[in-house]
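Here the structure comes first, spelled out in structure tokens, and everything after it is commentary.
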Amino acid sequence: MDTKISPVDVCKPASNDVGCPPSNGIVSTISAPAPIGQSSLGRHLARRLVQIGVNDVFAVPGDFNLTLLDHLIAEPGLTLVGCCNELNAGYAADGYARARGVGACAVTFTVGGLSIINAIAGAYSENLPIICIVGGPNSNDFGTNRILHHTIGLPDFSQELRCFQTVTCHQAVVNNLEDAHEQIDTAISTALKESKPVYISISCNLAAIPHPTFSHEPVPFSLSPKLSNEMGLKAAVEAAAEFLNKSVKPVMVGGPKLRVSNACDAFVDLADASGYALAMTAQDVSTMLRCGQKSIIFLINNGGYTIEVEIHDGPYNVIKNWNYTGLVDAISNGSSKCWTMKVTCEEELIEAIQNATGPKKDCFCFIEVMVHKDDTSKELLEWGSRVCSANSRPPNPQ
């Protein structure tokens with residue numbers, strides 16, 4: 001199955017100052033950069049992101065990705081959302097992919113890549129296509145045995161790549177203009193085909209350089225349609241219906257494979273009542289306020305790690321309780337577009353929801369819900385006991 005983005009027409013540039021790498025694969029640095037917005041590598045990547053439906057890129061700047069970020073900002077169809085740290089950027093891209101079908105994030109080499117990798121690993125397990133873009137070392141530094149900053153002190157730049165190989169379905173290291181077009185397009189199309197994250201590293205000195213393969217108007221992106229086995233599908237539906245008809249109180253839970261198969265709309269009863277939770281640290285409340293988000297966030301404050309308590313209790317499950325509404329108030333710094341409330345009973349919660357959906361609907365709303373640390377369900381108690389038993393099984397006899 002051919003899943004590459006169709007190649008663009010090769011056009012000869014008007015001038016002869018386009019940097020073409022020599023046969024050893026090292027790109028010359030004397031090439032004249034293209035003005036921001038023209039057909040450079042950065043422009044090509046930005047246009048590809050817009051083509052697949054990405055309009056927001058969640059980013060953290062670092063010296064290896066600054067020029068690339070300039071070109072992402074210059075793309076009219078893209079908004080660069082600066083996040084407070086890389087992990088938050090990764091989780092924001094995760095939530096974006098859940099809502100929009102595909103997400104993108106941009107960080108710097110190693111110190112940024114290794115910080116975002118936990119979110120990328122989560123997206124991999126959840127079958128979410130995320131384009132993880134990393135600004136890499138200068139192309140001239142590859143193979144020189146130089147020790148760079150943002151590394152572990154070895155002249156080997158592949159540590160980050162090796163880490164991402166286990167949590168992405170495709171990896172592209174772009175340090176050569178000749179195959180940059182093909183590498184980027186292959187990575188993006190693979191992410192959409194596999195519904196998994198991909199890793200794209202772009203050398204910091206290449207983002208502004210034009211090349212004949214970077215057309216001003218990239219051709220439309222397309223993937224071959226997935227074909228269904230009609231007989232197998234019919235048999236599966238009949239078996240599922242027979243199983244459900246025998247159940248007294250059937251419960252259907254939709255997993256991530258529904259999203260991969262574009263079957264969420266068919267799962268109507270559950271899909272209408274479903275949503276997704278996006279966990280972000282308090283730092284990026286400032287990002288949400290800066291971007292004018294009108295979200296409603298509920299923070300369930302039970303004073304500790306309740307699930308862990310039910311599995312195995314100990315003093316490490318008790319944390320210092322914060323005044324979370326006070327923290328958000330401090331971050332908002334008196335902004336009239338931020339509203340907070342702390343609730344301790346059902347009546348106060350109802351009032352808070354009415355305010356958040358009524359008079360305060362144009363504000364960023366943060367509601368802290370205070371619950372007792374032992375407020376757990378019977379099912380959670382049983383689950384905790386089973387997990388404890390499973391974790392404490394003695395070693396098998398040798």
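How things are named: the first chain in the structure tokens is A, the next is B, and so on; residues count from 1 in each chain; ligands count from 1 in the order shown.
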Rows by chain and residue number, segment 313-389 of chain A within 9 Å of segment 284-300 of chain A, shortest pair, only C-alpha atoms, as CSV:
residue,atom,partner,partner_atom,distance
A:Tyr324,CA,A:Leu299,CA,8.3
A:Val328,CA,A:Val285,CA,7.3
A:Ile331,CA,A:Ser286,CA,6.1
A:Ser332,CA,A:Ser286,CA,6.9
A:Ser335,CA,A:Leu289,CA,8.8
A:Lys337,CA,A:Leu289,CA,7.8
A:Cys338,CA,A:Leu289,CA,7.6
A:Ile353,CA,A:Ile296,CA,8.9
A:Ala356,CA,A:Ile296,CA,7.0
A:Thr357,CA,A:Ile296,CA,8.7
A:Lys361,CA,A:Lys294,CA,7.1
A:Asp362,CA,A:Lys294,CA,5.9
A:Cys363,CA,A:Lys294,CA,5.2
A:Phe364,CA,A:Lys294,CA,4.4
A:Cys365,CA,A:Ile296,CA,4.7
A:Phe366,CA,A:Ile297,CA,4.9
A:Ile367,CA,A:Phe298,CA,4.9
A:Glu368,CA,A:Leu299,CA,4.8
A:Val369,CA,A:Ile300,CA,5.0
A:Met370,CA,A:Ile300,CA,6.3
A:Val371,CA,A:Ile300,CA,7.0
Mind checking which residues fall within 7 Å of Ala172 of chain A, counting only C-alpha atoms, ignoring those fewer than 5 positions away in the same chain, and posting them as a PDB file with all heavy atoms, in the first residue's frame?
ATOM      1  N   GLN A 183      11.531  12.487   3.345  1.00  0.00           N
ATOM      2  CA  GLN A 183      11.526  12.044   4.738  1.00  0.00           C
ATOM      3  C   GLN A 183      10.350  12.627   5.513  1.00  0.00           C
ATOM      4  O   GLN A 183       9.671  11.925   6.262  1.00  0.00           O
ATOM      5  CB  GLN A 183      12.847  12.442   5.416  1.00  0.00           C
ATOM      6  CG  GLN A 183      14.033  11.610   5.020  1.00  0.00           C
ATOM      7  CD  GLN A 183      14.993  11.439   6.189  1.00  0.00           C
ATOM      8  OE1 GLN A 183      14.680  10.800   7.182  1.00  0.00           O
ATOM      9  NE2 GLN A 183      16.155  12.046   6.054  1.00  0.00           N
ATOM     10  N   ALA A 187       7.101  10.436   6.889  1.00  0.00           N
ATOM     11  CA  ALA A 187       6.802  10.407   8.325  1.00  0.00           C
ATOM     12  C   ALA A 187       5.355  10.808   8.591  1.00  0.00           C
ATOM     13  O   ALA A 187       4.635  10.145   9.357  1.00  0.00           O
ATOM     14  CB  ALA A 187       7.758  11.324   9.077  1.00  0.00           C
ATOM     15  N   TYR A 199       8.413  10.727  14.846  1.00  0.00           N
ATOM     16  CA  TYR A 199       9.495  11.608  15.294  1.00  0.00           C
ATOM     17  C   TYR A 199      10.200  12.177  14.075  1.00  0.00           C
ATOM     18  O   TYR A 199      10.613  11.442  13.181  1.00  0.00           O
ATOM     19  CB  TYR A 199      10.460  10.782  16.149  1.00  0.00           C
ATOM     20  CG  TYR A 199      11.803  11.392  16.438  1.00  0.00           C
ATOM     21  CD1 TYR A 199      12.007  12.221  17.536  1.00  0.00           C
ATOM     22  CD2 TYR A 199      12.902  11.103  15.625  1.00  0.00           C
ATOM     23  CE1 TYR A 199      13.256  12.750  17.822  1.00  0.00           C
ATOM     24  CE2 TYR A 199      14.158  11.626  15.901  1.00  0.00           C
ATOM     25  CZ  TYR A 199      14.326  12.446  17.002  1.00  0.00           C
ATOM     26  OH  TYR A 199      15.570  12.962  17.281  1.00  0.00           O
ATOM     27  N   ILE A 200      10.301  13.513  14.022  1.00  0.00           N
ATOM     28  CA  ILE A 200      11.008  14.170  12.928  1.00  0.00           C
ATOM     29  C   ILE A 200      12.035  15.116  13.534  1.00  0.00           C
ATOM     30  O   ILE A 200      11.675  16.086  14.218  1.00  0.00           O
ATOM     31  CB  ILE A 200      10.061  14.964  12.013  1.00  0.00           C
ATOM     32  CG1 ILE A 200       8.965  14.059  11.425  1.00  0.00           C
ATOM     33  CG2 ILE A 200      10.848  15.642  10.894  1.00  0.00           C
ATOM     34  CD1 ILE A 200       7.951  14.808  10.565  1.00  0.00           C
ATOM     35  N   SER A 201      13.313  14.842  13.306  1.00  0.00           N
ATOM     36  CA  SER A 201      14.392  15.721  13.752  1.00  0.00           C
ATOM     37  C   SER A 201      14.890  16.514  12.554  1.00  0.00           C
ATOM     38  O   SER A 201      15.186  15.947  11.497  1.00  0.00           O
ATOM     39  CB  SER A 201      15.529  14.894  14.358  1.00  0.00           C
ATOM     40  OG  SER A 201      16.652  15.715  14.624  1.00  0.00           O
TER      41      SER A 201
END
Gap from atom CA of Gly136 of chain A to atom CA of Asp63 of chain A - Å, one decimal: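 Computed distance, atom CA of Gly136 of chain A to atom CA of Asp63 of chain A, equals 9.4 Å.
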Spatial neighbours of Pro129 of chain A, max dist 7 Å, only C-alpha atoms, sep filter under 2 positions, as an NGL selection string: :A and (97 or 102-103 or 127 or 131 or 191-192 or 195-197)
As a short mmCIF file (atom, residue, chain, number, x, y, z; two decimals) with C-alpha atoms, in the first residue's frame, please: the residues near segment 150-158 of chain A (cut-off 8 Å, only C-alpha atoms, same-chain neighbours under 5 positions excluded).
data_model
loop_
_atom_site.label_atom_id
_atom_site.label_comp_id
_atom_site.auth_asym_id
_atom_site.auth_seq_id
_atom_site.Cartn_x
_atom_site.Cartn_y
_atom_site.Cartn_z
CA PHE A 109 17.21 18.45 20.84
CA THR A 110 17.50 15.88 23.66
CA VAL A 111 16.75 18.15 26.62
CA PHE A 142 27.09 14.89 12.31
CA THR A 144 32.57 15.00 13.46
CA ASN A 145 32.97 13.48 16.95
#
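When atom CA of Thr376 of chain A is paired with atom CA of Cys345 of chain A, their separation reads 16.2 Å.
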Within 8 Å of segment 112-117 of chain A using only C-alpha atoms, minus same-chain residues under 5 positions, as a list in words: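 Within the cut-off, the hits are Val60, Gly62, Glu86, Leu87, Asn88, Ala89, Gly90, Val107, Val134, Glu160, Cys163, Phe164 and Val167 of chain A.
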From A:Lys378, A:Arg146, A:Arg47, A:Arg100, residue lying nearest Phe214 of chain A [only C-alpha atoms]: A:Arg47
A:Cys105, A:Ala46, A:Ile52, A:Ala282 ranked by distance to Pro76 of chain A, top pick (using only C-alpha atoms): A:Ala46
Separation of atom CA of Ile307 of chain A from atom CA of Glu351 of chain A, in Å and rounded to one decimal: 28.5 Å
Minimum-distance residue to Pro256 of chain A, chosen among A:Val174, A:Ala180, A:Ala123, A:Ile188 (using only C-alpha atoms):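 Looking at the shortest contact to Pro256 of chain A, the residue is A:Ala123.
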Nearest to Asp70 of chain A by atom-to-atom distance, counting only C-alpha atoms, from A:Val173, A:Val237, A:Ala207, A:Val248: A:Ala207
Among listed residues A:Pro225, A:Val309, A:Pro250, A:Cys83, nearest Trp383 of chain A (using only C-alpha atoms):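 Ranked by minimum distance to Trp383 of chain A, first place goes to A:Val309.
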Residues of segment 31-144 of chain A in alpha helix (DSSP H), written as a ChimeraX atom specification: /A:41-51,66-74,86-100,113-125
With C-alpha atoms retained, could you export that selection as a compact mmCIF listing (two decimals), in the first residue's frame?
# COMPACT_ATOMS: atom_id res chain seq x y z
CA LEU A 41 12.23 23.40 4.48
CA GLY A 42 10.44 25.11 7.37
CA ARG A 43 7.77 26.45 5.04
CA HIS A 44 7.29 23.00 3.51
CA LEU A 45 6.80 21.39 6.91
CA ALA A 46 4.37 24.12 7.99
CA ARG A 47 2.28 23.70 4.85
CA ARG A 48 2.18 19.94 5.28
CA LEU A 49 0.87 20.32 8.83
CA VAL A 50 -1.92 22.60 7.65
CA GLN A 51 -2.78 20.17 4.85
CA LEU A 66 14.31 28.73 16.96
CA THR A 67 14.63 29.26 13.20
CA LEU A 68 12.18 26.47 12.53
CA LEU A 69 9.68 28.08 14.91
CA ASP A 70 9.99 31.32 12.92
CA HIS A 71 8.79 29.48 9.81
CA LEU A 72 5.94 27.77 11.66
CA ILE A 73 4.80 31.16 12.94
CA ALA A 74 4.96 32.61 9.42
CA GLU A 86 7.83 20.02 27.00
CA LEU A 87 5.68 17.47 28.83
CA ASN A 88 2.78 19.91 28.81
CA ALA A 89 3.30 20.50 25.09
CA GLY A 90 3.13 16.76 24.49
CA TYR A 91 -0.07 16.32 26.47
CA ALA A 92 -1.60 19.32 24.72
CA ALA A 93 -0.82 17.69 21.36
CA ASP A 94 -2.34 14.47 22.74
CA GLY A 95 -5.61 16.21 23.57
CA TYR A 96 -5.57 18.03 20.23
CA ALA A 97 -5.19 14.74 18.38
CA ARG A 98 -8.13 13.27 20.27
CA ALA A 99 -10.32 16.23 19.35
CA ARG A 100 -9.05 16.98 15.83
CA GLY A 113 12.92 15.47 23.31
CA LEU A 114 13.55 13.41 26.44
CA SER A 115 11.20 15.68 28.39
CA ILE A 116 8.31 15.18 25.97
CA ILE A 117 8.77 11.47 25.45
CA ASN A 118 6.44 10.37 28.26
CA ALA A 119 3.51 12.12 26.56
CA ILE A 120 4.51 10.65 23.19
CA ALA A 121 4.62 7.17 24.74
CA GLY A 122 1.11 7.69 26.08
CA ALA A 123 -0.09 8.77 22.64
CA TYR A 124 1.51 5.66 21.16
CA SER A 125 -0.45 3.42 23.53
Selected residue, from A:Leu161, A:Ala208, A:Glu75, A:Phe64, that lies nearest to His149 of chain A when counting only C-alpha atoms: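 Looking only at the distances to His149 of chain A, the closest residue turns out to be A:Phe64.
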Members of segment 102-229 of chain A assigned strand (DSSP E) by DSSP, as a ChimeraX atom specification: /A:103-108,130-136,170-174,198-203
Written selection (N, CA, C and O atoms) as a tab-separated table (two decimals), in the first residue's frame:
chain	number	residue	atom	x	y	z
A	103	GLY	N	-2.28	15.73	15.89
A	103	GLY	CA	-1.70	16.85	16.62
A	103	GLY	C	-0.22	17.00	16.28
A	103	GLY	O	0.38	16.16	15.62
A	104	ALA	N	0.38	18.11	16.75
A	104	ALA	CA	1.79	18.36	16.48
A	104	ALA	C	2.41	19.13	17.64
A	104	ALA	O	1.75	19.94	18.29
A	105	CYS	N	3.69	18.85	17.87
A	105	CYS	CA	4.43	19.56	18.91
A	105	CYS	C	5.85	19.78	18.42
A	105	CYS	O	6.33	19.05	17.54
A	106	ALA	N	6.52	20.78	18.96
A	106	ALA	CA	7.88	21.10	18.52
A	106	ALA	C	8.73	21.46	19.73
A	106	ALA	O	8.36	22.34	20.52
A	107	VAL	N	9.88	20.77	19.87
A	107	VAL	CA	10.78	21.00	21.00
A	107	VAL	C	12.21	21.01	20.48
A	107	VAL	O	12.46	20.87	19.28
A	108	THR	N	13.17	21.15	21.39
A	108	THR	CA	14.56	21.17	21.00
A	108	THR	C	15.24	19.84	21.28
A	108	THR	O	14.65	18.94	21.90
A	130	ILE	N	0.55	11.87	16.30
A	130	ILE	CA	1.17	13.14	16.70
A	130	ILE	C	2.47	13.30	15.93
A	130	ILE	O	3.28	12.38	15.86
A	131	ILE	N	2.65	14.47	15.33
A	131	ILE	CA	3.89	14.79	14.64
A	131	ILE	C	4.80	15.47	15.65
A	131	ILE	O	4.60	16.64	15.98
A	132	CYS	N	5.78	14.74	16.17
A	132	CYS	CA	6.70	15.28	17.17
A	132	CYS	C	7.95	15.79	16.44
A	132	CYS	O	8.74	15.01	15.91
A	133	ILE	N	8.11	17.10	16.43
A	133	ILE	CA	9.18	17.75	15.68
A	133	ILE	C	10.26	18.21	16.66
A	133	ILE	O	9.97	18.88	17.64
A	134	VAL	N	11.49	17.84	16.37
A	134	VAL	CA	12.61	18.19	17.23
A	134	VAL	C	13.65	18.96	16.41
A	134	VAL	O	14.05	18.51	15.34
A	135	GLY	N	14.07	20.12	16.91
A	135	GLY	CA	15.16	20.84	16.28
A	135	GLY	C	16.48	20.17	16.63
A	135	GLY	O	16.83	20.07	17.80
A	136	GLY	N	17.20	19.68	15.61
A	136	GLY	CA	18.41	18.90	15.84
A	136	GLY	C	19.68	19.70	15.65
A	136	GLY	O	19.67	20.88	15.29
A	170	HIS	N	7.50	5.72	13.32
A	170	HIS	CA	8.43	6.09	12.26
A	170	HIS	C	9.33	7.20	12.79
A	170	HIS	O	8.89	8.06	13.56
A	171	GLN	N	10.58	7.20	12.36
A	171	GLN	CA	11.53	8.21	12.77
A	171	GLN	C	12.24	8.76	11.53
A	171	GLN	O	12.63	7.99	10.65
A	172	ALA	N	12.40	10.06	11.47
A	172	ALA	CA	13.09	10.71	10.36
A	172	ALA	C	14.10	11.70	10.92
A	172	ALA	O	13.73	12.59	11.69
A	173	VAL	N	15.36	11.54	10.56
A	173	VAL	CA	16.41	12.49	10.93
A	173	VAL	C	16.79	13.25	9.67
A	173	VAL	O	17.43	12.71	8.77
A	174	VAL	N	16.37	14.50	9.60
A	174	VAL	CA	16.57	15.32	8.41
A	174	VAL	C	17.83	16.16	8.59
A	174	VAL	O	17.81	17.19	9.29
A	198	VAL	N	4.92	10.03	15.32
A	198	VAL	CA	6.17	9.91	14.58
A	198	VAL	C	7.14	10.97	15.08
A	198	VAL	O	6.74	11.98	15.67
A	199	TYR	N	8.41	10.73	14.85
A	199	TYR	CA	9.49	11.61	15.29
A	199	TYR	C	10.20	12.18	14.07
A	199	TYR	O	10.61	11.44	13.18
A	200	ILE	N	10.30	13.51	14.02
A	200	ILE	CA	11.01	14.17	12.93
A	200	ILE	C	12.04	15.12	13.53
A	200	ILE	O	11.68	16.09	14.22
A	201	SER	N	13.31	14.84	13.31
A	201	SER	CA	14.39	15.72	13.75
A	201	SER	C	14.89	16.51	12.55
A	201	SER	O	15.19	15.95	11.50
A	202	ILE	N	14.99	17.83	12.70
A	202	ILE	CA	15.41	18.70	11.61
A	202	ILE	C	16.62	19.51	12.06
A	202	ILE	O	16.55	20.25	13.04
A	203	SER	N	17.72	19.38	11.35
A	203	SER	CA	18.93	20.12	11.71
A	203	SER	C	18.66	21.61	11.74
A	203	SER	O	17.97	22.16	10.87
All residues 7 Å or closer to Val81 of chain A, only C-alpha atoms, same chain fewer than 5 positions away omitted, as a list of chain:residue names: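 After dropping sequence-adjacent residues, the list is A:Asp56, A:Val57, A:Phe58, A:Ala59.
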Those same residues - all heavy atoms - I'd like them written as a PDB file, in the first residue's frame.
ATOM      1  N   ASP A  56      -2.709  24.223  15.069  1.00  0.00           N
ATOM      2  CA  ASP A  56      -2.017  24.677  16.276  1.00  0.00           C
ATOM      3  C   ASP A  56      -0.860  23.728  16.570  1.00  0.00           C
ATOM      4  O   ASP A  56      -1.052  22.505  16.593  1.00  0.00           O
ATOM      5  CB  ASP A  56      -2.969  24.708  17.476  1.00  0.00           C
ATOM      6  CG  ASP A  56      -4.155  25.630  17.257  1.00  0.00           C
ATOM      7  OD1 ASP A  56      -4.035  26.820  17.575  1.00  0.00           O
ATOM      8  OD2 ASP A  56      -5.192  25.148  16.771  1.00  0.00           O
ATOM      9  N   VAL A  57       0.317  24.293  16.785  1.00  0.00           N
ATOM     10  CA  VAL A  57       1.493  23.502  17.151  1.00  0.00           C
ATOM     11  C   VAL A  57       1.916  23.914  18.549  1.00  0.00           C
ATOM     12  O   VAL A  57       2.134  25.102  18.818  1.00  0.00           O
ATOM     13  CB  VAL A  57       2.650  23.718  16.161  1.00  0.00           C
ATOM     14  CG1 VAL A  57       3.886  22.927  16.595  1.00  0.00           C
ATOM     15  CG2 VAL A  57       2.239  23.305  14.752  1.00  0.00           C
ATOM     16  N   PHE A  58       2.038  22.945  19.445  1.00  0.00           N
ATOM     17  CA  PHE A  58       2.391  23.214  20.832  1.00  0.00           C
ATOM     18  C   PHE A  58       3.905  23.098  20.981  1.00  0.00           C
ATOM     19  O   PHE A  58       4.490  22.052  20.669  1.00  0.00           O
ATOM     20  CB  PHE A  58       1.654  22.246  21.752  1.00  0.00           C
ATOM     21  CG  PHE A  58       0.163  22.329  21.595  1.00  0.00           C
ATOM     22  CD1 PHE A  58      -0.511  21.494  20.714  1.00  0.00           C
ATOM     23  CD2 PHE A  58      -0.568  23.276  22.292  1.00  0.00           C
ATOM     24  CE1 PHE A  58      -1.882  21.592  20.542  1.00  0.00           C
ATOM     25  CE2 PHE A  58      -1.940  23.390  22.132  1.00  0.00           C
ATOM     26  CZ  PHE A  58      -2.603  22.536  21.259  1.00  0.00           C
ATOM     27  N   ALA A  59       4.539  24.174  21.423  1.00  0.00           N
ATOM     28  CA  ALA A  59       5.989  24.251  21.312  1.00  0.00           C
ATOM     29  C   ALA A  59       6.647  24.804  22.564  1.00  0.00           C
ATOM     30  O   ALA A  59       6.036  25.534  23.356  1.00  0.00           O
ATOM     31  CB  ALA A  59       6.370  25.116  20.114  1.00  0.00           C
TER      32      ALA A  59
END
